[in-house]
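> If it helps, the file is called data-v7.csv and holds CSV, C-alpha atoms:
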chain,number,residue,atom,x,y,z
D,1,MET,CA,81.1,83.4,52.3
D,2,ALA,CA,82.2,86.7,50.9
D,3,PHE,CA,82.5,90.3,52.1
D,4,ALA,CA,83.6,93.7,50.9
D,5,LYS,CA,86.9,94.0,52.8
D,6,GLY,CA,90.1,92.2,52.8
D,7,MET,CA,91.7,90.2,50.0
D,8,PRO,CA,90.0,89.8,46.6
D,9,LEU,CA,87.5,86.9,46.5
D,10,ASP,CA,89.4,85.0,43.8
D,11,ASN,CA,92.6,85.1,45.9
D,12,ALA,CA,90.6,84.0,49.0
D,13,ALA,CA,89.1,81.1,47.0
D,14,ILE,CA,92.6,79.9,46.0
D,15,MET,CA,94.0,80.2,49.6
D,16,SER,CA,90.9,78.5,51.1
D,17,THR,CA,91.2,75.5,48.7
D,18,VAL,CA,95.0,75.1,49.3
D,19,LEU,CA,94.8,75.3,53.1
D,20,GLU,CA,91.7,73.1,53.3
D,21,GLY,CA,93.5,70.5,51.1
D,22,ILE,CA,96.5,70.4,53.5
D,23,LEU,CA,94.3,70.1,56.6
D,24,TYR,CA,92.1,67.6,54.8
D,25,GLY,CA,95.1,65.4,54.2
D,26,PHE,CA,95.9,65.5,58.0
D,27,SER,CA,92.3,64.7,58.8
D,28,VAL,CA,92.3,61.6,56.6
D,29,LEU,CA,95.4,60.3,58.3
D,30,MET,CA,93.9,61.0,61.7
D,31,PHE,CA,90.7,59.2,60.6
D,32,ILE,CA,92.7,56.1,59.8
D,33,GLY,CA,94.3,56.4,63.3
D,34,THR,CA,90.9,56.8,64.9
D,35,ILE,CA,89.5,53.7,63.2
D,36,TRP,CA,92.5,51.8,64.3
D,37,ALA,CA,92.1,53.0,67.9
D,38,LEU,CA,88.5,52.0,67.9
D,39,THR,CA,88.9,48.6,66.4
D,40,TYR,CA,92.4,47.3,67.2
D,41,ARG,CA,92.2,44.0,69.1
D,42,ARG,CA,88.5,44.3,69.7
D,43,ASN,CA,85.5,42.2,68.7
D,44,MET,CA,82.9,44.0,66.6
D,45,ARG,CA,80.4,44.0,69.5
D,46,ASP,CA,83.0,45.8,71.6
D,47,VAL,CA,83.5,48.7,69.2
D,48,ASN,CA,82.0,52.0,70.2
D,49,ARG,CA,79.5,52.3,67.3
D,50,PRO,CA,78.2,55.9,68.0
D,51,ILE,CA,81.7,57.3,68.0
D,52,THR,CA,82.6,55.3,64.9
D,53,VAL,CA,79.5,56.5,63.0
D,54,VAL,CA,80.3,60.1,63.9
D,55,ALA,CA,84.0,59.7,62.8
D,56,VAL,CA,82.8,58.3,59.4
D,57,LEU,CA,80.2,61.0,58.9
D,58,LEU,CA,82.8,63.7,59.7
D,59,LEU,CA,85.1,62.2,57.0
D,60,VAL,CA,82.3,62.0,54.5
D,61,LEU,CA,81.2,65.6,55.1
D,62,SER,CA,84.8,67.0,55.0
D,63,THR,CA,85.4,65.0,51.8
D,64,ALA,CA,82.2,66.4,50.2
D,65,HIS,CA,83.1,69.9,51.3
D,66,MET,CA,86.6,69.5,49.8
D,67,VAL,CA,85.2,68.3,46.5
D,68,VAL,CA,82.7,71.1,46.3
D,69,ASP,CA,85.3,73.7,47.1
D,70,ILE,CA,87.5,72.4,44.3
D,71,ILE,CA,84.6,72.5,41.9
D,72,GLN,CA,83.7,76.0,42.9
D,73,THR,CA,87.3,77.3,42.6
D,74,GLU,CA,87.6,75.7,39.2
D,75,ASP,CA,84.3,77.1,38.0
D,76,GLY,CA,85.2,80.6,39.1
D,77,LEU,CA,88.8,80.7,37.9
D,78,VAL,CA,88.6,78.5,34.8
D,79,THR,CA,85.2,77.6,33.5
D,80,TYR,CA,83.3,80.9,34.0
D,81,ARG,CA,86.2,83.3,34.3
D,82,ASN,CA,85.2,85.3,31.2
D,83,MET,CA,81.4,85.1,31.9
D,84,PHE,CA,81.4,88.2,34.0
D,85,SER,CA,82.7,91.6,33.0
D,86,ALA,CA,84.2,92.2,36.4
D,87,GLY,CA,86.3,89.0,36.2
D,88,PRO,CA,86.5,85.9,38.3
D,89,GLU,CA,85.8,87.8,41.5
D,90,ALA,CA,82.2,88.4,40.3
D,91,PHE,CA,81.6,84.6,40.2
D,92,PHE,CA,82.3,84.3,43.9
D,93,VAL,CA,80.1,87.2,44.7
D,94,ASP,CA,77.1,85.3,43.3
D,95,VAL,CA,76.1,83.7,46.6
D,96,PRO,CA,72.7,82.4,45.5
D,97,ARG,CA,74.4,80.0,43.1
D,98,GLU,CA,73.6,76.3,43.9
D,99,ILE,CA,77.2,75.3,44.5
D,100,PHE,CA,77.7,78.0,47.1
D,101,VAL,CA,74.6,77.0,49.0
D,102,ILE,CA,75.6,73.3,48.9
D,103,LYS,CA,79.0,74.2,50.3
D,104,ASN,CA,77.4,76.0,53.2
D,105,VAL,CA,74.9,73.2,53.9
D,106,ILE,CA,77.8,70.8,54.3
D,107,PHE,CA,79.6,73.2,56.6
D,108,ILE,CA,76.6,73.6,58.9
D,109,LEU,CA,76.1,69.8,59.0
D,110,GLN,CA,79.8,69.4,59.8
D,111,THR,CA,79.5,72.0,62.6
D,112,LEU,CA,76.4,70.3,64.1
D,113,LYS,CA,78.1,66.9,64.0
D,114,GLY,CA,81.2,68.1,65.7
D,115,LYS,CA,79.6,68.9,69.1
D,116,LYS,CA,80.8,67.3,72.3
D,117,ILE,CA,77.4,67.0,73.9
D,118,TYR,CA,77.3,63.2,73.5
D,119,ARG,CA,80.6,62.8,75.2
D,120,CYS,CA,79.5,65.1,78.0
D,121,TYR,CA,76.5,62.9,78.6
D,122,MET,CA,78.7,59.7,78.5
D,123,VAL,CA,81.1,61.2,81.1
D,124,TRP,CA,78.5,62.8,83.4
D,125,GLN,CA,75.8,60.1,83.0
D,126,THR,CA,73.1,62.6,83.6
D,127,VAL,CA,70.7,64.5,81.3
D,128,TRP,CA,70.7,67.7,83.5
D,129,VAL,CA,74.2,68.6,82.6
D,130,ILE,CA,73.6,68.7,78.8
D,131,ILE,CA,70.4,70.7,78.9
D,132,LEU,CA,72.1,74.1,78.3
D,133,PRO,CA,74.5,72.8,75.7
D,134,SER,CA,71.6,71.1,73.9
D,135,MET,CA,69.7,74.4,73.9
D,136,LEU,CA,72.7,76.2,72.4
D,137,TRP,CA,73.1,73.4,69.9
D,138,CYS,CA,69.5,73.9,68.8
D,139,SER,CA,70.2,77.6,68.5
D,140,VAL,CA,73.1,76.9,66.3
D,141,ALA,CA,70.9,74.8,64.0
D,142,VAL,CA,68.3,77.6,63.8
D,143,THR,CA,70.7,80.3,63.0
D,144,GLY,CA,72.4,78.1,60.5
D,145,VAL,CA,69.1,77.4,58.7
D,146,TYR,CA,68.2,81.1,58.6
D,147,SER,CA,71.7,81.9,57.2
D,148,LEU,CA,71.2,79.4,54.5
D,149,TYR,CA,67.8,80.8,53.7
D,150,GLY,CA,69.4,84.3,53.4
D,151,PHE,CA,72.0,82.9,51.1
D,152,SER,CA,69.6,81.1,48.8
D,153,HIS,CA,67.1,84.0,48.5
D,154,ALA,CA,69.7,86.8,48.2
D,155,ALA,CA,69.4,89.0,45.1
D,156,ALA,CA,72.3,88.8,42.7
D,157,PRO,CA,74.6,91.6,43.8
D,158,THR,CA,76.1,94.0,41.4
D,159,SER,CA,79.4,94.3,43.3
D,160,ALA,CA,81.3,93.0,46.3
D,161,LYS,CA,80.0,95.9,48.4
D,162,SER,CA,76.4,94.5,48.6
D,163,ILE,CA,76.8,90.8,49.0
D,164,PHE,CA,74.7,90.3,52.1
D,165,SER,CA,72.0,92.3,53.7
D,166,LYS,CA,72.4,93.5,57.3
D,167,THR,CA,69.9,90.8,58.5
D,168,THR,CA,71.9,88.0,56.9
D,169,ARG,CA,75.1,89.2,58.4
D,170,GLN,CA,73.5,89.3,61.8
D,171,TRP,CA,72.3,85.7,61.4
D,172,MET,CA,75.8,84.6,60.4
D,173,ALA,CA,77.4,86.4,63.3
D,174,ALA,CA,74.9,84.8,65.7
D,175,PHE,CA,75.7,81.4,64.2
D,176,PHE,CA,79.4,81.6,64.8
D,177,ALA,CA,79.0,83.2,68.3
D,178,LEU,CA,76.6,80.4,69.4
D,179,THR,CA,78.9,77.8,67.9
D,180,LEU,CA,81.8,79.2,69.9
D,181,ALA,CA,79.7,79.3,73.1
D,182,THR,CA,78.5,75.7,72.6
D,183,ASN,CA,82.0,74.5,72.1
D,184,LEU,CA,83.4,76.3,75.1
D,185,LEU,CA,80.6,75.2,77.4
D,186,SER,CA,80.6,71.5,76.4
D,187,SER,CA,84.4,71.4,76.4
D,188,GLY,CA,84.5,73.0,79.9
D,189,LEU,CA,82.0,70.5,81.3
D,190,LEU,CA,83.9,67.6,79.8
D,191,ALA,CA,87.3,68.9,81.1
D,192,TYR,CA,85.9,69.6,84.6
D,193,ARG,CA,84.5,66.1,84.9
D,194,ILE,CA,87.8,64.5,83.8
D,195,TRP,CA,89.6,66.8,86.3
D,196,LYS,CA,87.2,65.8,89.1
D,197,ILE,CA,87.7,62.1,88.3
D,198,GLU,CA,91.5,62.6,88.3
D,199,ARG,CA,91.4,64.3,91.7
D,200,ASN,CA,89.3,61.5,93.2
D,201,VAL,CA,91.7,58.8,92.0
D,202,SER,CA,94.9,60.8,92.7
D,203,THR,CA,96.2,58.0,94.9
D,204,ALA,CA,96.7,55.8,91.9
D,205,ARG,CA,99.6,57.2,90.1
D,206,THR,CA,99.2,55.5,86.7
D,207,THR,CA,95.6,56.4,86.5
D,208,LYS,CA,96.4,60.0,87.3
D,209,VAL,CA,99.0,60.2,84.5
D,210,THR,CA,96.5,58.8,82.0
D,211,THR,CA,93.6,61.1,82.9
D,212,THR,CA,95.9,64.1,82.9
D,213,SER,CA,97.0,63.4,79.3
D,214,ILE,CA,93.4,63.0,78.3
D,215,LEU,CA,92.5,66.3,80.0
D,216,ARG,CA,95.2,68.1,78.2
D,217,MET,CA,94.2,66.7,74.9
D,218,VAL,CA,90.5,67.7,75.4
D,219,ILE,CA,91.7,71.3,76.3
D,220,ASP,CA,94.0,71.4,73.3
D,221,ALA,CA,91.3,70.3,70.9
D,222,ALA,CA,88.8,72.8,72.4
D,223,LEU,CA,91.3,75.6,72.0
D,224,LEU,CA,92.2,74.7,68.4
D,225,TYR,CA,88.5,74.8,67.4
D,226,SER,CA,87.7,77.8,69.5
D,227,ILE,CA,90.5,79.9,68.1
D,228,ALA,CA,89.4,79.1,64.5
D,229,LEU,CA,85.8,80.0,65.4
D,230,LEU,CA,86.9,83.2,67.0
D,231,CYS,CA,88.9,84.2,63.9
D,232,THR,CA,85.9,83.4,61.7
D,233,LEU,CA,83.6,85.4,64.0
D,234,ILE,CA,85.8,88.5,64.0
D,235,SER,CA,86.2,88.3,60.2
D,236,SER,CA,82.4,88.1,59.9
D,237,LEU,CA,81.8,91.1,62.2
D,238,ARG,CA,84.4,93.1,60.3
D,239,SER,CA,82.9,92.0,57.0
D,240,ASN,CA,86.3,90.7,55.9
D,241,ASN,CA,86.8,88.2,53.1
D,242,GLY,CA,89.1,86.3,55.5
D,243,ALA,CA,86.0,84.5,56.7
D,244,PHE,CA,85.8,82.9,53.3
D,245,VAL,CA,89.2,81.3,54.0
D,246,MET,CA,88.4,80.4,57.6
D,247,ILE,CA,85.2,78.5,56.7
D,248,GLY,CA,87.1,76.4,54.2
D,249,ILE,CA,89.6,75.2,56.9
D,250,LEU,CA,87.0,75.0,59.7
D,251,THR,CA,85.5,71.8,58.2
D,252,SER,CA,88.8,70.0,58.4
D,253,ILE,CA,89.6,71.5,61.9
D,254,ILE,CA,86.3,70.1,63.2
D,255,SER,CA,87.4,66.6,62.1
D,256,ILE,CA,90.9,66.9,63.4
D,257,ALA,CA,89.8,68.2,66.8
D,258,PHE,CA,87.4,65.2,67.1
D,259,TYR,CA,90.0,62.6,65.9
D,260,MET,CA,92.9,63.8,68.1
D,261,VAL,CA,90.9,63.2,71.3
D,262,ILE,CA,90.0,59.6,70.3
D,263,ILE,CA,93.5,58.8,69.3
D,264,ARG,CA,95.0,60.3,72.5
D,265,ILE,CA,92.6,58.3,74.7
D,266,ALA,CA,93.7,55.1,72.8
D,267,ILE,CA,97.4,55.9,73.4
D,268,GLY,CA,96.7,56.6,77.0
D,269,LYS,CA,95.0,53.3,77.5
D,270,SER,CA,97.9,51.5,75.7
D,271,THR,CA,100.4,53.2,77.9
D,272,HIS,CA,98.4,52.4,81.0
D,273,SER,CA,98.3,48.7,80.1
D,274,HIS,CA,102.0,48.7,79.4
D,275,ILE,CA,102.8,50.1,82.9
D,276,LEU,CA,100.6,47.5,84.5
D,277,THR,CA,102.3,44.7,82.5
D,278,VAL,CA,105.8,45.9,83.5
D,279,HIS,CA,105.2,46.7,87.1
D,280,GLY,CA,102.2,44.9,88.3
D,281,GLY,CA,101.6,42.2,85.7
D,282,SER,CA,98.6,41.9,83.4
D,283,SER,CA,95.2,40.6,84.4
D,284,SER,CA,95.6,37.7,82.0
D,285,GLU,CA,98.8,36.6,83.6
D,286,ALA,CA,97.1,36.7,87.0
D,287,ASP,CA,94.3,34.6,85.7
D,288,ARG,CA,96.7,32.0,84.4
D,289,ASN,CA,98.6,31.9,87.7
D,290,LEU,CA,95.3,31.5,89.6
D,291,ARG,CA,94.4,28.5,87.4
D,292,GLN,CA,97.8,26.9,87.8
D,293,TYR,CA,98.1,27.4,91.5
D,294,PRO,CA,94.6,27.4,92.9
D,295,LEU,CA,94.0,28.7,96.4
D,296,LYS,CA,93.2,26.1,99.1
D,297,PRO,CA,91.3,26.7,102.4
D,298,LEU,CA,93.6,27.9,105.1
D,299,GLN,CA,92.8,27.1,108.7
D,300,VAL,CA,94.4,28.9,111.7
D,301,HIS,CA,94.0,27.4,115.2
D,302,ILE,CA,94.7,29.3,118.4
D,303,SER,CA,95.2,27.1,121.4
D,304,GLN,CA,93.8,27.9,124.8
D,305,PHE,CA,96.2,28.8,127.6
D,306,THR,CA,94.9,29.0,131.2
D,307,HIS,CA,96.9,29.7,134.4
D,308,ASN,CA,95.9,29.6,138.0
D,309,ASP,CA,98.0,30.7,141.0
D,310,GLY,CA,99.4,27.3,141.6
D,311,ALA,CA,99.8,25.7,138.2
D,312,SER,CA,98.8,26.2,134.7
D,313,VAL,CA,97.7,23.8,132.0
D,314,TYR,CA,98.5,24.2,128.3
D,315,ARG,CA,96.0,22.4,126.2
D,316,ASN,CA,96.3,21.7,122.5
D,317,GLY,CA,93.7,19.1,121.6
D,318,ASN,CA,93.8,16.4,124.3
D,319,GLN,CA,97.4,17.1,125.3
D,320,GLY,CA,98.4,19.1,128.5
D,321,ARG,CA,101.6,20.2,130.1
D,322,PRO,CA,102.2,22.3,133.3
D,323,SER,CA,103.5,25.8,133.2
D,324,THR,CA,104.0,28.8,135.5
D,325,GLY,CA,103.3,32.4,135.0
D,326,LYS,CA,100.7,35.1,135.4
D,327,GLU,CA,97.1,34.4,134.8
D,328,VAL,CA,96.3,34.8,131.1
D,329,SER,CA,93.2,33.6,129.3
D,330,VAL,CA,93.0,33.4,125.5
D,331,GLU,CA,89.9,31.8,123.9
D,332,GLY,CA,90.5,29.6,120.9
D,333,THR,CA,89.4,30.7,117.5
D,334,SER,CA,89.7,29.6,114.0
D,335,CYS,CA,89.3,31.3,110.6
D,336,GLU,CA,89.2,30.1,107.0
D,337,VAL,CA,90.5,32.0,103.9
Rewrite the coordinates I just gave you, this time as structure tokens.

Amino acid sequence: MAFAKGMPLDNAAIMSTVLEGILYGFSVLMFIGTIWALTYRRNMRDVNRPITVVAVLLLVLSTAHMVVDIIQTEDGLVTYRNMFSAGPEAFFVDVPREIFVIKNVIFILQTLKGKKIYRCYMVWQTVWVIILPSMLWCSVAVTGVYSLYGFSHAAAPTSAKSIFSKTTRQWMAAFFALTLATNLLSSGLLAYRIWKIERNVSTARTTKVTTTSILRMVIDAALLYSIALLCTLISSLRSNNGAFVMIGILTSIISIAFYMVIIRIAIGKSTHSHILTVHGGSSSEADRNLRQYPLKPLQVHISQFTHNDGASVYRNGNQGRPSTGKEVSVEGTSCEV
């Protein structure tokens, strides 16, 4: 994406590729950690397949975007640098070029894959909660398609001052604004549900610590992505070339924000299991002890004691002995555990 203001487009392309490469390296490492968290010590049937599929798709899309970004930068700065009289910057102004359209298609797919609507549904277990986020998600898809249409059918500009029409810029701004609203709403619903669960189980200290850590990580991931989206939106509204840089790093930020929540949940579960093992014992140990020392039926008998004014009789079975005292009557009972 390119605009008239800000840094030159060739400089923005270099900065975008470098920053995206750094963040892409972090996202690959976090993808490895996510796959480990989803599969470690688990049978294949116990693996959360939808989350695994989304994680793999995010890696594939971010990798494809990284490759396309490198190719575009090489074409503009090396291969076709002398093709335009205005220099390499004129190459990046040519937005109808196929590689530019492909790059933005990958970015939009990455944006649509990074939503938290599925996780909201899994936490709330009701369709009503995700109706509004789903409507916003559809709006993001529509504005993204119209933006792509504007890119692919734009006339070849003569300078950086006439890259996009006013209508195309409005569709782009709507796309980023709706994406930001969808992210904030879905993250807010997810965080509120986790907070509510934490409040309901506040009597269990270990559970409270675990859910608090997850809640913080959900908020941190939402803030990371929201701040990046806000910067992109402001750059778009200001027609600044900084949006070119932000879109390059957003693809990796989407993956990182998704992976960091999965990894933190796995660490929280591991810590919770360790606390149970140290303080309360694990469930497997309890099962072994139960098999080694099985419980036997326990019978409790309460004898009957009856006293009259003159003498009392204490009976336990067929035996009896005299006693004195006030009149007390306790009926015999028995229970079995």
> Given the choices D:Asn200, D:Gln72, D:Thr167, D:Ser213, which gets closest to D:Phe100 if the distance is worked out from only C-alpha atoms?
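Answer, going by the shortest atom-to-atom distance: D:Gln72.
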> Using all atoms listed in the file, which of D:Ala55, D:Ile108, D:Met66, D:Leu9 sits nearest D:Asn241?
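Of all the options, D:Leu9 lies closest to D:Asn241.
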> So that I can check the surroundings of D:Ala222, please list as a PyMOL selection string every protein, DNA and RNA residue that reaches within 10 Å of it, counting only C-alpha atoms and ignoring chain neighbours fewer than 4 positions away.
chain D and resi 116+180+183-188+191+216-218+226-227+254+257-258+261
> Those same residues - C-alpha atoms - I'd like them written as an mmCIF file, in the frame of the given file.

data_model
loop_
_atom_site.group_PDB
_atom_site.id
_atom_site.type_symbol
_atom_site.label_atom_id
_atom_site.label_comp_id
_atom_site.auth_asym_id
_atom_site.auth_seq_id
_atom_site.Cartn_x
_atom_site.Cartn_y
_atom_site.Cartn_z
ATOM 1 C CA LYS D 116 80.800 67.300 72.300
ATOM 2 C CA LEU D 180 81.800 79.200 69.900
ATOM 3 C CA ASN D 183 82.000 74.500 72.100
ATOM 4 C CA LEU D 184 83.400 76.300 75.100
ATOM 5 C CA LEU D 185 80.600 75.200 77.400
ATOM 6 C CA SER D 186 80.600 71.500 76.400
ATOM 7 C CA SER D 187 84.400 71.400 76.400
ATOM 8 C CA GLY D 188 84.500 73.000 79.900
ATOM 9 C CA ALA D 191 87.300 68.900 81.100
ATOM 10 C CA ARG D 216 95.200 68.100 78.200
ATOM 11 C CA MET D 217 94.200 66.700 74.900
ATOM 12 C CA VAL D 218 90.500 67.700 75.400
ATOM 13 C CA SER D 226 87.700 77.800 69.500
ATOM 14 C CA ILE D 227 90.500 79.900 68.100
ATOM 15 C CA ILE D 254 86.300 70.100 63.200
ATOM 16 C CA ALA D 257 89.800 68.200 66.800
ATOM 17 C CA PHE D 258 87.400 65.200 67.100
ATOM 18 C CA VAL D 261 90.900 63.200 71.300
#
> If you count only C-alpha atoms, which residues fall within 12 Å of D:Leu229, apart from same-chain ones fewer than 5 positions away, as a CSV table (one decimal) with C-alpha atoms, in the coordinates of the input?

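Wrote selection.csv, looks like this:
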chain,number,residue,atom,x,y,z
D,111,THR,CA,79.5,72.0,62.6
D,173,ALA,CA,77.4,86.4,63.3
D,174,ALA,CA,74.9,84.8,65.7
D,175,PHE,CA,75.7,81.4,64.2
D,176,PHE,CA,79.4,81.6,64.8
D,177,ALA,CA,79.0,83.2,68.3
D,178,LEU,CA,76.6,80.4,69.4
D,179,THR,CA,78.9,77.8,67.9
D,180,LEU,CA,81.8,79.2,69.9
D,181,ALA,CA,79.7,79.3,73.1
D,182,THR,CA,78.5,75.7,72.6
D,183,ASN,CA,82.0,74.5,72.1
D,184,LEU,CA,83.4,76.3,75.1
D,222,ALA,CA,88.8,72.8,72.4
D,223,LEU,CA,91.3,75.6,72.0
D,224,LEU,CA,92.2,74.7,68.4
D,234,ILE,CA,85.8,88.5,64.0
D,235,SER,CA,86.2,88.3,60.2
D,236,SER,CA,82.4,88.1,59.9
D,243,ALA,CA,86.0,84.5,56.7
D,245,VAL,CA,89.2,81.3,54.0
D,246,MET,CA,88.4,80.4,57.6
D,247,ILE,CA,85.2,78.5,56.7
D,248,GLY,CA,87.1,76.4,54.2
D,249,ILE,CA,89.6,75.2,56.9
D,250,LEU,CA,87.0,75.0,59.7
D,251,THR,CA,85.5,71.8,58.2
D,253,ILE,CA,89.6,71.5,61.9
D,254,ILE,CA,86.3,70.1,63.2
> Given all atoms listed in the file as the basis, pick out the residue of D:Ala228, D:Ala90, D:Ile219, D:Ile70 nearest to D:Met260.
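Comparing D:Ala228, D:Ala90, D:Ile219, D:Ile70 against D:Met260, the winner is D:Ile219.
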> Calculate how many Å separate atom CA of D:Val18 from atom CA of D:Ser152, rounding to one decimal.
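Distance between the two atoms: 26.1 Å.
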> Pick the closest to D:Val54 from D:Lys113, D:Arg41, D:Arg81, D:Arg169: which is it, counting all atoms listed in the file?
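Looking at the shortest contact to D:Val54, the residue is D:Lys113.
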> In Å to one decimal, how far is atom CA of D:Val67 from atom CA of D:Val101?
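Separating atom CA of D:Val101 from atom CA of D:Val67 is a distance of 13.9 Å.
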> Keeping N, CA and C atoms (and nothing else), can you write stretch 45-64 of chain D of this structure as an mmCIF file, in the first residue's frame?

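New file result-v7.cif:
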data_model
loop_
_atom_site.group_PDB
_atom_site.id
_atom_site.type_symbol
_atom_site.label_atom_id
_atom_site.label_comp_id
_atom_site.auth_asym_id
_atom_site.auth_seq_id
_atom_site.Cartn_x
_atom_site.Cartn_y
_atom_site.Cartn_z
ATOM 1 N N ARG D 45 -5.738 -38.212 18.876
ATOM 2 C CA ARG D 45 -7.168 -37.922 18.971
ATOM 3 C C ARG D 45 -7.483 -36.859 20.012
ATOM 4 N N ASP D 46 -6.520 -36.571 20.906
ATOM 5 C CA ASP D 46 -6.733 -35.555 21.932
ATOM 6 C C ASP D 46 -6.257 -34.167 21.506
ATOM 7 N N VAL D 47 -5.605 -34.067 20.354
ATOM 8 C CA VAL D 47 -5.087 -32.782 19.887
ATOM 9 C C VAL D 47 -6.247 -31.915 19.390
ATOM 10 N N ASN D 48 -6.199 -30.654 19.737
ATOM 11 C CA ASN D 48 -7.224 -29.704 19.279
ATOM 12 C C ASN D 48 -6.964 -29.409 17.798
ATOM 13 N N ARG D 49 -7.685 -30.087 16.931
ATOM 14 C CA ARG D 49 -7.411 -29.988 15.499
ATOM 15 C C ARG D 49 -7.775 -28.640 14.899
ATOM 16 N N PRO D 50 -8.918 -28.016 15.239
ATOM 17 C CA PRO D 50 -9.190 -26.681 14.662
ATOM 18 C C PRO D 50 -8.112 -25.659 14.979
ATOM 19 N N ILE D 51 -7.639 -25.628 16.233
ATOM 20 C CA ILE D 51 -6.585 -24.680 16.603
ATOM 21 C C ILE D 51 -5.297 -25.005 15.861
ATOM 22 N N THR D 52 -4.989 -26.295 15.709
ATOM 23 C CA THR D 52 -3.777 -26.695 14.995
ATOM 24 C C THR D 52 -3.841 -26.287 13.534
ATOM 25 N N VAL D 53 -5.003 -26.466 12.917
ATOM 26 C CA VAL D 53 -5.162 -26.091 11.509
ATOM 27 C C VAL D 53 -4.985 -24.584 11.329
ATOM 28 N N VAL D 54 -5.586 -23.803 12.226
ATOM 29 C CA VAL D 54 -5.438 -22.347 12.138
ATOM 30 C C VAL D 54 -3.984 -21.931 12.322
ATOM 31 N N ALA D 55 -3.284 -22.566 13.262
ATOM 32 C CA ALA D 55 -1.871 -22.244 13.490
ATOM 33 C C ALA D 55 -1.030 -22.530 12.243
ATOM 34 N N VAL D 56 -1.278 -23.664 11.598
ATOM 35 C CA VAL D 56 -0.534 -24.012 10.385
ATOM 36 C C VAL D 56 -0.862 -23.043 9.252
ATOM 37 N N LEU D 57 -2.145 -22.696 9.099
ATOM 38 C CA LEU D 57 -2.534 -21.762 8.043
ATOM 39 C C LEU D 57 -1.909 -20.386 8.244
ATOM 40 N N LEU D 58 -1.838 -19.947 9.499
ATOM 41 C CA LEU D 58 -1.206 -18.661 9.776
ATOM 42 C C LEU D 58 0.274 -18.690 9.396
ATOM 43 N N LEU D 59 0.953 -19.791 9.685
ATOM 44 C CA LEU D 59 2.359 -19.909 9.297
ATOM 45 C C LEU D 59 2.508 -19.914 7.782
ATOM 46 N N VAL D 60 1.646 -20.651 7.086
ATOM 47 C CA VAL D 60 1.724 -20.721 5.622
ATOM 48 C C VAL D 60 1.489 -19.349 5.005
ATOM 49 N N LEU D 61 0.476 -18.631 5.489
ATOM 50 C CA LEU D 61 0.165 -17.318 4.932
ATOM 51 C C LEU D 61 1.262 -16.295 5.229
ATOM 52 N N SER D 62 1.782 -16.325 6.459
ATOM 53 C CA SER D 62 2.853 -15.383 6.792
ATOM 54 C C SER D 62 4.124 -15.687 6.008
ATOM 55 N N THR D 63 4.384 -16.974 5.764
ATOM 56 C CA THR D 63 5.539 -17.350 4.946
ATOM 57 C C THR D 63 5.361 -16.885 3.507
ATOM 58 N N ALA D 64 4.165 -17.101 2.960
ATOM 59 C CA ALA D 64 3.892 -16.660 1.593
ATOM 60 C C ALA D 64 4.007 -15.142 1.474
#
